[in-house]
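The file entry.cif comes next; it holds mmCIF, C-alpha atoms.
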```
data_data
#
loop_
_atom_site.label_atom_id
_atom_site.label_comp_id
_atom_site.auth_asym_id
_atom_site.auth_seq_id
_atom_site.Cartn_x
_atom_site.Cartn_y
_atom_site.Cartn_z
CA MET A 1 58.52 77.88 104.41
CA VAL A 2 60.50 79.43 101.54
CA ARG A 3 61.38 77.02 98.74
CA ILE A 4 65.03 77.48 97.74
CA GLY A 5 66.80 76.40 94.56
CA VAL A 6 70.60 76.39 94.58
CA LEU A 7 72.58 76.70 91.34
CA VAL A 8 76.09 75.24 91.28
CA SER A 9 78.92 74.48 88.88
CA GLY A 10 81.55 72.69 90.96
CA GLY A 11 82.54 71.43 94.37
CA GLY A 12 79.74 73.11 96.27
CA THR A 13 81.48 74.27 99.45
CA ASN A 14 79.04 77.16 99.80
CA LEU A 15 76.15 74.75 99.11
CA GLN A 16 77.40 72.58 101.98
CA GLN A 17 77.19 75.56 104.33
CA LEU A 18 73.56 76.07 103.29
CA ILE A 19 72.78 72.36 103.78
CA ASP A 20 74.39 72.42 107.22
CA ALA A 21 72.56 75.62 108.14
CA GLN A 22 69.24 74.05 107.16
CA ALA A 23 70.02 70.88 109.12
CA THR A 24 70.74 72.90 112.25
CA GLY A 25 67.78 75.25 111.91
CA ARG A 26 69.79 78.32 110.84
CA LEU A 27 68.11 78.94 107.51
CA GLY A 28 65.17 80.94 108.79
CA GLY A 29 62.68 78.27 107.86
CA GLY A 30 63.88 77.97 104.27
CA GLU A 31 64.15 74.60 102.57
CA ILE A 32 66.45 73.70 99.73
CA VAL A 33 64.16 71.84 97.34
CA THR A 34 66.53 71.44 94.40
CA VAL A 35 70.18 71.77 93.44
CA ILE A 36 70.84 72.39 89.75
CA SER A 37 74.32 72.12 88.24
CA SER A 38 75.45 73.58 84.93
CA LYS A 39 77.90 70.69 84.67
CA PRO A 40 77.18 66.99 85.16
CA GLY A 41 79.18 64.92 87.63
CA VAL A 42 80.28 67.76 89.92
CA TYR A 43 80.69 67.05 93.63
CA ALA A 44 78.02 69.57 94.58
CA LEU A 45 75.38 67.19 93.19
CA GLU A 46 76.72 64.44 95.43
CA ARG A 47 76.51 66.75 98.44
CA ALA A 48 72.85 67.40 97.64
CA GLN A 49 72.03 63.72 97.21
CA LYS A 50 73.72 62.86 100.51
CA ALA A 51 71.45 65.41 102.15
CA GLY A 52 68.39 63.94 100.49
CA ILE A 53 67.91 66.91 98.18
CA GLU A 54 66.97 66.60 94.51
CA ALA A 55 70.11 67.04 92.41
CA ILE A 56 69.88 67.63 88.68
CA ALA A 57 72.27 68.67 85.94
CA LEU A 58 71.17 71.09 83.25
CA SER A 59 74.29 71.07 81.16
CA ARG A 60 74.95 74.30 79.29
CA LYS A 61 76.35 72.48 76.27
CA ASP A 62 73.05 70.68 75.73
CA TYR A 63 71.43 74.00 74.76
CA PRO A 64 71.98 76.01 71.57
CA ASP A 65 72.36 79.44 73.18
CA VAL A 66 72.28 81.31 76.47
CA GLU A 67 68.66 82.40 75.98
CA VAL A 68 67.32 78.87 75.57
CA TYR A 69 69.48 77.67 78.45
CA SER A 70 68.24 80.45 80.71
CA GLN A 71 64.64 79.56 79.87
CA ALA A 72 65.33 75.92 80.79
CA LEU A 73 66.63 77.07 84.18
CA ILE A 74 63.60 79.31 84.68
CA ASP A 75 61.24 76.46 83.76
CA ALA A 76 62.95 73.99 86.09
CA LEU A 77 62.86 76.44 89.01
CA LYS A 78 59.28 77.62 88.40
CA ALA A 79 58.08 74.00 88.05
CA ARG A 80 59.36 73.44 91.59
CA ASN A 81 57.79 76.65 92.89
CA VAL A 82 61.20 77.98 93.88
CA GLU A 83 60.90 81.37 95.58
CA LEU A 84 64.58 82.06 96.22
CA VAL A 85 67.42 81.16 93.86
CA VAL A 86 70.93 81.02 95.33
CA LEU A 87 73.92 81.21 93.01
CA SER A 88 76.54 79.18 94.84
CA GLY A 89 79.63 79.00 92.70
CA PHE A 90 77.45 79.03 89.58
CA LEU A 91 79.84 80.04 86.81
CA THR A 92 77.61 79.82 83.77
CA ILE A 93 76.41 83.00 82.09
CA THR A 94 72.65 83.53 81.93
CA SER A 95 70.56 86.07 80.05
CA ASP A 96 68.70 89.08 81.43
CA SER A 97 65.49 87.06 81.17
CA PHE A 98 66.76 84.88 84.02
CA VAL A 99 67.19 87.69 86.55
CA GLN A 100 63.98 89.29 85.32
CA ALA A 101 62.10 86.05 86.07
CA PHE A 102 63.16 86.29 89.74
CA PRO A 103 63.47 89.99 90.59
CA ASN A 104 65.30 90.41 93.90
CA ARG A 105 64.94 86.68 94.41
CA ILE A 106 68.35 85.60 93.13
CA MET A 107 71.19 85.79 95.63
CA ASN A 108 74.86 85.73 94.71
CA VAL A 109 78.00 85.80 96.83
CA HIS A 110 80.94 87.78 95.48
CA PRO A 111 84.41 87.35 97.00
CA ALA A 112 85.20 91.05 97.48
CA LEU A 113 83.77 94.17 99.10
CA LEU A 114 81.64 95.52 96.26
CA PRO A 115 81.78 97.88 94.46
CA ALA A 116 85.52 97.17 94.67
CA PHE A 117 86.76 94.36 92.43
CA GLY A 118 83.39 93.60 90.89
CA GLY A 119 82.05 93.47 87.35
CA LYS A 120 83.21 91.81 84.16
CA GLY A 121 86.34 89.69 84.53
CA TYR A 122 86.25 89.67 88.32
CA TYR A 123 85.50 86.08 89.28
CA GLY A 124 87.28 83.34 91.19
CA LEU A 125 91.00 83.84 91.69
CA HIS A 126 91.05 86.91 89.42
CA VAL A 127 89.34 88.86 92.20
CA HIS A 128 91.99 87.97 94.77
CA GLU A 129 94.83 88.57 92.31
CA ALA A 130 93.49 92.09 91.76
CA VAL A 131 93.17 92.75 95.50
CA LEU A 132 96.79 91.73 96.07
CA SER A 133 97.99 93.60 92.99
CA ARG A 134 96.48 96.84 94.34
CA GLY A 135 98.06 96.19 97.73
CA CYS A 136 94.78 96.29 99.68
CA LYS A 137 94.99 95.51 103.37
CA LEU A 138 91.32 94.60 103.64
CA THR A 139 88.99 92.64 101.39
CA GLY A 140 85.98 90.44 102.11
CA ALA A 141 82.77 89.14 100.65
CA THR A 142 79.43 90.57 99.56
CA VAL A 143 76.07 88.83 99.29
CA HIS A 144 73.78 90.68 96.90
CA PHE A 145 70.67 90.25 94.81
CA ALA A 146 71.52 89.67 91.16
CA ASN A 147 70.19 92.07 88.57
CA GLU A 148 71.07 92.88 84.96
CA VAL A 149 74.33 94.57 85.99
CA CYS A 150 77.19 92.16 86.76
CA ASP A 151 77.87 92.45 90.52
CA GLY A 152 75.74 95.60 90.50
CA GLY A 153 72.62 94.39 92.32
CA PRO A 154 71.38 95.44 95.76
CA ILE A 155 73.86 94.59 98.53
CA ILE A 156 72.48 92.47 101.38
CA LEU A 157 75.48 91.74 103.63
CA GLN A 158 79.21 92.42 103.59
CA LYS A 159 82.01 91.17 105.78
CA ALA A 160 85.65 92.25 105.85
CA VAL A 161 88.66 89.93 105.87
CA ALA A 162 92.25 91.06 106.48
CA VAL A 163 94.89 90.57 103.82
CA GLN A 164 98.04 89.12 105.40
CA GLU A 165 101.71 89.57 104.54
CA GLY A 166 102.75 86.87 102.11
CA ASP A 167 99.21 86.09 100.93
CA THR A 168 98.82 84.42 97.56
CA PRO A 169 95.57 84.60 95.57
CA GLU A 170 94.92 81.03 96.73
CA SER A 171 95.51 81.66 100.44
CA LEU A 172 93.41 84.80 100.29
CA GLN A 173 90.59 83.00 98.46
CA LYS A 174 90.57 80.32 101.15
CA ARG A 175 90.44 82.84 104.00
CA VAL A 176 87.67 84.91 102.36
CA MET A 177 85.63 81.73 101.89
CA GLU A 178 86.13 80.47 105.41
CA GLN A 179 85.86 83.77 107.26
CA ALA A 180 83.22 85.52 105.15
CA GLU A 181 81.38 83.63 102.41
CA TRP A 182 80.52 80.58 104.47
CA THR A 183 78.84 82.61 107.19
CA LEU A 184 77.40 85.44 105.10
CA LEU A 185 75.46 83.36 102.59
CA PRO A 186 73.43 81.26 105.07
CA GLU A 187 72.82 84.44 107.10
CA ALA A 188 71.49 86.30 104.05
CA VAL A 189 69.30 83.35 103.04
CA SER A 190 67.96 83.16 106.58
CA LEU A 191 67.12 86.89 106.58
CA PHE A 192 65.25 86.42 103.28
CA CYS A 193 63.33 83.42 104.59
CA GLN A 194 62.36 85.33 107.71
CA GLY A 195 60.94 88.05 105.48
CA ARG A 196 63.33 90.62 106.90
CA LEU A 197 64.79 91.97 103.63
CA ARG A 198 63.25 94.90 101.80
CA VAL A 199 64.61 96.34 98.56
CA GLU A 200 63.93 99.93 97.59
CA ASP A 201 65.81 102.18 95.16
CA GLY A 202 68.37 99.41 94.68
CA LYS A 203 69.16 99.33 98.39
CA VAL A 204 68.43 96.59 100.90
CA SER A 205 67.14 97.35 104.37
CA ILE A 206 67.12 94.68 107.04
CA ALA A 207 64.23 94.63 109.50
CA PRO A 208 65.03 93.83 113.14
CA ALA A 209 64.47 90.25 114.32
CA HIS A 210 60.86 89.35 115.09
CA ALA A 211 59.60 92.36 113.16
CA GLY A 212 59.11 90.36 109.98
CA GLU A 213 56.18 88.10 110.82
CA ASN A 214 55.53 86.98 107.27
CA ALA A 215 58.28 84.47 106.72
CA GLY A 216 58.86 84.21 103.03
CA ALA A 217 57.17 87.48 102.23
CA ALA A 218 58.36 88.79 98.92
CA PRO A 219 61.27 91.14 99.51
CA SER A 220 60.58 92.68 96.16
CA GLU A 221 56.98 93.67 96.82
CA GLY A 222 56.63 97.34 96.15
CA VAL A 223 60.14 97.57 94.84
CA LYS A 224 61.10 100.66 92.95
CA GLN A 225 64.36 100.16 91.14
CA MET B 1 113.38 110.66 115.76
CA VAL B 2 111.34 111.30 112.62
CA ARG B 3 110.42 114.93 112.00
CA ILE B 4 106.76 115.22 111.00
CA GLY B 5 104.95 118.07 109.25
CA VAL B 6 101.15 118.04 109.32
CA LEU B 7 99.14 119.88 106.67
CA VAL B 8 95.62 121.00 107.59
CA SER B 9 92.77 123.13 106.29
CA GLY B 10 90.17 123.15 109.04
CA GLY B 11 89.24 121.94 112.49
CA GLY B 12 92.06 119.46 112.84
CA THR B 13 90.36 116.52 114.57
CA ASN B 14 92.79 114.08 112.98
CA LEU B 15 95.67 116.39 113.95
CA GLN B 16 94.47 116.23 117.55
CA GLN B 17 94.70 112.44 117.47
CA LEU B 18 98.31 112.74 116.29
CA ILE B 19 99.12 115.28 119.00
CA ASP B 20 97.56 113.03 121.65
CA ALA B 21 99.40 109.98 120.30
CA GLN B 22 102.70 111.84 120.48
CA ALA B 23 101.97 113.02 124.03
CA THR B 24 101.30 109.46 125.18
CA GLY B 25 104.23 107.88 123.37
CA ARG B 26 102.20 106.19 120.64
CA LEU B 27 103.81 107.87 117.64
CA GLY B 28 106.76 105.50 117.30
CA GLY B 29 109.26 108.15 118.24
CA GLY B 30 107.99 110.66 115.69
CA GLU B 31 107.73 114.36 116.53
CA ILE B 32 105.37 116.85 114.96
CA VAL B 33 107.65 119.82 114.27
CA THR B 34 105.26 121.99 112.30
CA VAL B 35 101.59 122.34 111.39
CA ILE B 36 100.86 124.22 108.17
CA SER B 37 97.38 125.36 107.22
CA SER B 38 96.19 126.35 103.76
CA LYS B 39 93.76 128.74 105.44
CA PRO B 40 94.50 131.28 108.16
CA GLY B 41 92.54 131.27 111.40
CA VAL B 42 91.45 127.63 111.39
CA TYR B 43 91.11 125.80 114.70
CA ALA B 44 93.79 123.26 113.77
CA LEU B 45 96.40 126.01 114.18
CA GLU B 46 95.11 126.70 117.67
CA ARG B 47 95.34 122.99 118.54
CA ALA B 48 98.99 123.02 117.44
CA GLN B 49 99.82 126.13 119.45
CA LYS B 50 98.20 124.69 122.57
CA ALA B 51 100.47 121.67 122.18
CA GLY B 52 103.53 123.89 121.79
CA ILE B 53 103.96 123.08 118.11
CA GLU B 54 104.85 125.66 115.48
CA ALA B 55 101.67 126.64 113.61
CA ILE B 56 101.83 128.56 110.36
CA ALA B 57 99.40 129.50 107.62
CA LEU B 58 100.48 129.36 103.99
CA SER B 59 97.32 130.70 102.44
CA ARG B 60 96.64 129.40 98.95
CA LYS B 61 95.21 132.71 97.83
CA ASP B 62 98.49 134.47 98.51
CA TYR B 63 100.10 132.53 95.63
CA PRO B 64 99.52 133.02 91.89
CA ASP B 65 99.12 129.36 90.95
CA VAL B 66 99.22 125.81 92.29
CA GLU B 67 102.84 125.29 91.18
CA VAL B 68 104.19 128.28 93.08
CA TYR B 69 102.06 127.36 96.09
CA SER B 70 103.33 123.78 96.04
CA GLN B 71 106.91 125.03 95.92
CA ALA B 72 106.25 127.23 98.95
CA LEU B 73 104.99 124.18 100.85
CA ILE B 74 108.01 122.15 99.77
CA ASP B 75 110.37 124.94 100.83
CA ALA B 76 108.71 125.33 104.23
CA LEU B 77 108.83 121.58 104.90
CA LYS B 78 112.39 121.08 103.63
CA ALA B 79 113.61 124.09 105.65
CA ARG B 80 112.37 122.28 108.77
CA ASN B 81 113.95 118.97 107.70
CA VAL B 82 110.53 117.30 107.65
CA GLU B 83 110.83 113.60 106.79
CA LEU B 84 107.15 112.66 106.89
CA VAL B 85 104.29 114.84 105.69
CA VAL B 86 100.80 114.00 106.96
CA LEU B 87 97.77 115.32 105.10
CA SER B 88 95.21 115.71 107.83
CA GLY B 89 92.07 117.18 106.33
CA PHE B 90 94.22 119.17 103.90
CA LEU B 91 91.79 120.17 101.16
CA THR B 92 93.99 122.29 98.91
CA ILE B 93 95.14 120.89 95.58
CA THR B 94 98.89 120.61 95.07
CA SER B 95 100.97 119.87 91.98
CA ASP B 96 102.82 116.67 91.09
CA SER B 97 106.03 118.40 92.15
CA PHE B 98 104.81 118.26 95.73
CA VAL B 99 104.39 114.47 95.91
CA GLN B 100 107.59 114.05 93.90
CA ALA B 101 109.49 116.07 96.50
CA PHE B 102 108.47 113.54 99.19
CA PRO B 103 108.16 110.15 97.49
CA ASN B 104 106.36 107.70 99.80
CA ARG B 105 106.75 110.26 102.56
CA ILE B 106 103.33 111.88 102.31
CA MET B 107 100.51 110.13 104.15
CA ASN B 108 96.84 110.74 103.53
CA VAL B 109 93.74 109.32 105.16
CA HIS B 110 90.75 108.64 102.90
CA PRO B 111 87.31 107.99 104.42
CA ALA B 112 86.50 104.83 102.42
CA LEU B 113 87.95 101.40 101.66
CA LEU B 114 90.03 102.19 98.58
CA PRO B 115 89.84 101.47 95.69
CA ALA B 116 86.10 101.89 96.36
CA PHE B 117 84.86 105.48 96.44
CA GLY B 118 88.22 107.06 95.70
CA GLY B 119 89.51 109.43 93.04
CA LYS B 120 88.31 112.73 91.67
CA GLY B 121 85.18 114.09 93.32
CA TYR B 122 85.34 111.70 96.27
CA TYR B 123 86.12 113.88 99.27
CA GLY B 124 84.40 114.74 102.53
CA LEU B 125 80.69 114.05 102.65
CA HIS B 126 80.59 113.12 98.93
CA VAL B 127 82.31 109.85 99.82
CA HIS B 128 79.72 108.88 102.40
CA GLU B 129 76.83 109.97 100.17
CA ALA B 130 78.12 107.62 97.47
CA VAL B 131 78.51 104.72 99.92
CA LEU B 132 74.90 105.14 101.08
CA SER B 133 73.64 105.65 97.53
CA ARG B 134 75.16 102.30 96.48
CA GLY B 135 73.63 100.62 99.52
CA CYS B 136 76.93 99.33 100.91
CA LYS B 137 76.79 97.59 104.27
CA LEU B 138 80.47 98.14 105.00
CA THR B 139 82.77 101.09 104.50
CA GLY B 140 85.80 102.33 106.40
CA ALA B 141 89.01 104.29 106.05
CA THR B 142 92.31 103.90 104.25
CA VAL B 143 95.69 105.43 105.10
CA HIS B 144 97.92 105.55 102.04
CA PHE B 145 101.01 107.23 100.68
CA ALA B 146 100.12 110.00 98.25
CA ASN B 147 101.42 109.79 94.69
CA GLU B 148 100.47 111.47 91.42
CA VAL B 149 97.21 109.49 91.17
CA CYS B 150 94.38 110.85 93.33
CA ASP B 151 93.75 108.23 96.06
CA GLY B 152 95.86 105.82 94.01
CA GLY B 153 99.00 105.60 96.14
CA PRO B 154 100.29 102.61 98.10
CA ILE B 155 97.85 101.49 100.82
CA ILE B 156 99.27 101.31 104.35
CA LEU B 157 96.32 100.43 106.59
CA GLN B 158 92.57 99.91 106.16
CA LYS B 159 89.81 99.46 108.69
CA ALA B 160 86.17 98.56 108.12
CA VAL B 161 83.18 100.32 109.65
CA ALA B 162 79.60 99.04 109.46
CA VAL B 163 76.92 101.10 107.75
CA GLN B 164 73.80 101.19 109.94
CA GLU B 165 70.13 101.36 109.03
CA GLY B 166 69.06 104.99 108.92
CA ASP B 167 72.58 106.36 108.45
CA THR B 168 72.93 109.81 106.91
CA PRO B 169 76.15 110.96 105.22
CA GLU B 170 76.83 112.97 108.36
CA SER B 171 76.29 110.11 110.84
CA LEU B 172 78.38 107.79 108.69
CA GLN B 173 81.17 110.37 108.39
CA LYS B 174 81.25 110.73 112.17
CA ARG B 175 81.41 106.95 112.75
CA VAL B 176 84.14 106.44 110.13
CA MET B 177 86.20 109.20 111.76
CA GLU B 178 85.75 107.92 115.29
CA GLN B 179 86.04 104.19 114.60
CA ALA B 180 88.63 104.20 111.84
CA GLU B 181 90.43 107.42 110.89
CA TRP B 182 91.34 108.45 114.42
CA THR B 183 93.06 105.17 115.21
CA LEU B 184 94.47 104.32 111.77
CA LEU B 185 96.35 107.55 111.14
CA PRO B 186 98.45 107.59 114.35
CA GLU B 187 99.06 103.84 113.87
CA ALA B 188 100.35 104.36 110.33
CA VAL B 189 102.53 107.29 111.39
CA SER B 190 103.93 105.17 114.22
CA LEU B 191 104.76 102.32 111.82
CA PHE B 192 106.57 104.78 109.57
CA CYS B 193 108.52 106.28 112.45
CA GLN B 194 109.55 102.81 113.64
CA GLY B 195 110.92 102.15 110.15
CA ARG B 196 108.52 99.25 109.63
CA LEU B 197 107.01 100.31 106.28
CA ARG B 198 108.52 99.20 102.99
CA VAL B 199 107.12 100.15 99.59
CA GLU B 200 107.75 98.01 96.55
CA ASP B 201 105.83 97.80 93.28
CA GLY B 202 103.29 100.23 94.69
CA LYS B 203 102.52 97.93 97.64
CA VAL B 204 103.31 98.44 101.30
CA SER B 205 104.64 95.66 103.47
CA ILE B 206 104.73 96.01 107.23
CA ALA B 207 107.64 94.50 109.12
CA PRO B 208 106.90 92.80 112.45
CA ALA B 209 107.49 94.81 115.61
CA HIS B 210 111.13 95.05 116.73
CA ALA B 211 112.31 93.98 113.27
CA GLY B 212 112.75 97.58 112.16
CA GLU B 213 115.72 98.75 114.16
CA ASN B 214 116.38 101.86 112.12
CA ALA B 215 113.63 104.15 113.32
CA GLY B 216 113.03 106.70 110.66
CA ALA B 217 114.64 104.68 107.90
CA ALA B 218 113.37 105.81 104.56
CA PRO B 219 110.47 103.56 103.55
CA SER B 220 111.08 104.59 99.98
CA GLU B 221 114.66 103.43 99.75
CA GLY B 222 114.95 101.08 96.84
CA VAL B 223 111.38 101.74 95.80
CA LYS B 224 110.32 100.56 92.38
CA GLN B 225 106.98 102.05 91.42
#
```
As structure tokens, please, write out the structure in this file.
Amino acid sequence: MVRIGVLVSGGGTNLQQLIDAQATGRLGGGEIVTVISSKPGVYALERAQKAGIEAIALSRKDYPDVEVYSQALIDALKARNVELVVLSGFLTITSDSFVQAFPNRIMNVHPALLPAFGGKGYYGLHVHEAVLSRGCKLTGATVHFANEVCDGGPIILQKAVAVQEGDTPESLQKRVMEQAEWTLLPEAVSLFCQGRLRVEDGKVSIAPAHAGENAGAAPSEGVKQ
Amino acid sequence: MVRIGVLVSGGGTNLQQLIDAQATGRLGGGEIVTVISSKPGVYALERAQKAGIEAIALSRKDYPDVEVYSQALIDALKARNVELVVLSGFLTITSDSFVQAFPNRIMNVHPALLPAFGGKGYYGLHVHEAVLSRGCKLTGATVHFANEVCDGGPIILQKAVAVQEGDTPESLQKRVMEQAEWTLLPEAVSLFCQGRLRVEDGKVSIAPAHAGENAGAAPSEGVKQ
């Protein structure tokens, strides 16, 4: 059983998909043991509580700088023996020490087909605005491990979504969420929890089903970055 | 009937798809009136001849510089009243005057999901090497109008192709060709010939079927780039 901590900042629609996946046995034996929000009072915390999951707020403004805040997150997650951290609409900046504390154990979902429309400035609606501005006919979502490079970590899963005539950034964001993010993230978490992800040279390989006997085995064991 | 000129440099597998599409009425009423190769003796010329299409070689090395060569291409295409130019594995560099002579009337197929893995240096196997090196799980092909920016012109169609475990640049190139390029290019040419493509602000919109009555209407009429 892999202990999962989910970091949120808002409504928690991706968190809900993870909760539902766990409830219906589609999380590969993983268990969400804590949900931590960078803002108090967000709906994601309510979703966690409704599901009987610990829900805590570690508010960014209660800490003097990003380094101290990141250490508080690390401490909270380590104290709960969290093995996989999922960034689920977590919009608060953390320091390198945070990703270094969980190498290839922090998952993020990005609303585009990386490396396109990734990196600094590409978050939320800005991503979809850029996709439409370039006139792309295809976009999608990417689940990847977080590392020190913004949106530059090892890619786990990607799924394409068609841009439609007349799309606005909002309509495109909704479709990418519904058709890609909501299915990709639980699937990637499940693969991790089944011990089927291996990272080498910054690339993720996915072992076939039933080949990974050691559920929860560290995907980063023997990693050469 | 839209008069099409296809530019090639090698084997002409994409050209063959266009020839087959025309033969089976899937080219939207377009007709390939000439195939021009930048190298003599390539198999693409033979494919054209077998299909009863004029096949000529304008060898780059017979011209002193890229400007004079580009003008020779323009002259050859204009003399044949070509309305749509298709770059089909055409590997020879042309000058800005060439794209300016056929604004939004030159189509190119790129073996990746632009804007990812496009621009200078990204051609042929280099594209697929870069996709694998980044560890992408999804790639594909893009058909776009050529403009002065390498791989930066208006995007017409895109199709995704899955990267598989154990892929080499060669196996990925083959799959992207077979699953994306070979279907996308004839489809884009057909849309053009049906008069269903409009370009505005560097973006392509596709009119619904039967809405474009004026087959062969200039997609660049009223274009603001």
| field | Test item: residues at most 9 Å from Ile106 of chain B, all atoms listed in the file, excluding those fewer than 2 positions along its chain, as a PyMOL selection string | value | chain B and resi 83-87+99+102-104+108+144-147
| task | Would you translate the PyMOL selection byres ((chain A) within 12 of (chain B)) into the concrete set of residues it matches in this file, as a ChimeraX atom specification? | result | /A:112-118,130-145,151-167,198-208
| Just how far from atom CA of Leu91 of chain B is atom CA of Ala55 of chain B, in Å to one decimal? | 17.2 Å
| field | Between atom CA of Glu31 of chain B and atom CA of Arg3 of chain B - distance in Å to one decimal | value |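 Distance reported for this atom pair: 5.3 Å.
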| request: Taking the point (87.1, 105.7, 110.9) as given in the file, collect each protein or nucleic acid residue that comes within 7 Å of it, counting all atoms listed in the file, and present the set as a ChimeraX atom specification. | output: /B:111,140-141,161,175-182
| said: Can you spell out as a VMD selection string the set of residues that the PyMOL selection byres ((chain A and resi 48) around 10) selects in the structure I just provided? | reply: chain A and resid 6 12 15 to 16 19 32 to 36 43 to 47 49 to 56
| said: Let me make sure I understand: among A:Ser88, A:Gln100, A:Ser38, A:Ser95, which one has the smallest atom-to-atom distance to Ser70 of chain A if we use all atoms listed in the file? | reply: A:Ser95
| field | Pairwise distance for atom CA of Phe192 of chain B and atom CA of Gly28 of chain B, rounded to one decimal in Å | value |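 Atom-to-atom, atom CA of Phe192 of chain B to atom CA of Gly28 of chain B, that is 7.8 Å.
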| said: What's around Leu27 of chain A at 8 Å? Count all atoms listed in the file, leave out sequence neighbours fewer than 2 positions away in its own chain, and write the answer as a list in words. | reply: Leu18, Ala21, Gln22, Gly25, Gly29, Gly30, Glu31, Pro186, Glu187, Val189, Ser190 and Cys193 of chain A
| Residue neighbourhood Ser9 of chain A, 7 Å, all atoms listed in the file, exclusion window fewer than 4 positions, as number ranges by chain | A: 37-39, 42, 89-91
Box time for segment 20-32 of chain A: axis-aligned, enclosing all its listed atoms, 8 Å extra on each side; report centre and edge lengths in Å to one decimal, as AutoDock Vina command-line options.
```
--center_x 68.5 --center_y 75.9 --center_z 106.0 --size_x 27.7 --size_y 26.1 --size_z 28.5
```
| field | Using all atoms listed in the file: which of A:Phe98, A:Gln17, A:Lys120, A:Lys61 has the shortest distance to Asp75 of chain A | value | A:Phe98
Assuming the input is short of atoms at segment 47-51 of chain A, produce all heavy atoms for that part as an mmCIF file, in the coordinates of the input.
```cif
data_model
loop_
_atom_site.group_PDB
_atom_site.id
_atom_site.type_symbol
_atom_site.label_atom_id
_atom_site.label_comp_id
_atom_site.auth_asym_id
_atom_site.auth_seq_id
_atom_site.Cartn_x
_atom_site.Cartn_y
_atom_site.Cartn_z
ATOM 1 N N ARG A 47 76.838 66.152 97.139
ATOM 2 C CA ARG A 47 76.510 66.750 98.440
ATOM 3 C C ARG A 47 75.005 66.841 98.621
ATOM 4 O O ARG A 47 74.481 66.566 99.708
ATOM 5 C CB ARG A 47 77.107 68.155 98.551
ATOM 6 C CG ARG A 47 78.631 68.216 98.628
ATOM 7 C CD ARG A 47 79.043 69.682 98.828
ATOM 8 N NE ARG A 47 80.454 69.930 98.609
ATOM 9 C CZ ARG A 47 81.396 69.880 99.562
ATOM 10 N NH1 ARG A 47 81.062 69.571 100.795
ATOM 11 N NH2 ARG A 47 82.650 70.138 99.283
ATOM 12 N N ALA A 48 74.307 67.267 97.565
ATOM 13 C CA ALA A 48 72.850 67.400 97.640
ATOM 14 C C ALA A 48 72.206 66.035 97.879
ATOM 15 O O ALA A 48 71.349 65.889 98.763
ATOM 16 C CB ALA A 48 72.325 68.029 96.348
ATOM 17 N N GLN A 49 72.618 65.059 97.074
ATOM 18 C CA GLN A 49 72.030 63.720 97.210
ATOM 19 C C GLN A 49 72.225 63.150 98.603
ATOM 20 O O GLN A 49 71.312 62.573 99.192
ATOM 21 C CB GLN A 49 72.646 62.788 96.152
ATOM 22 C CG GLN A 49 72.088 63.040 94.756
ATOM 23 C CD GLN A 49 72.961 62.443 93.657
ATOM 24 O OE1 GLN A 49 74.128 62.111 93.881
ATOM 25 N NE2 GLN A 49 72.389 62.322 92.454
ATOM 26 N N LYS A 50 73.437 63.350 99.144
ATOM 27 C CA LYS A 50 73.720 62.860 100.510
ATOM 28 C C LYS A 50 72.774 63.484 101.529
ATOM 29 O O LYS A 50 72.471 62.883 102.564
ATOM 30 C CB LYS A 50 75.169 63.192 100.893
ATOM 31 C CG LYS A 50 76.195 62.209 100.338
ATOM 32 C CD LYS A 50 77.605 62.587 100.783
ATOM 33 C CE LYS A 50 78.643 61.685 100.140
ATOM 34 N NZ LYS A 50 80.017 62.196 100.305
ATOM 35 N N ALA A 51 72.350 64.708 101.235
ATOM 36 C CA ALA A 51 71.450 65.410 102.150
ATOM 37 C C ALA A 51 69.990 65.142 101.817
ATOM 38 O O ALA A 51 69.088 65.739 102.418
ATOM 39 C CB ALA A 51 71.739 66.906 102.106
#
```
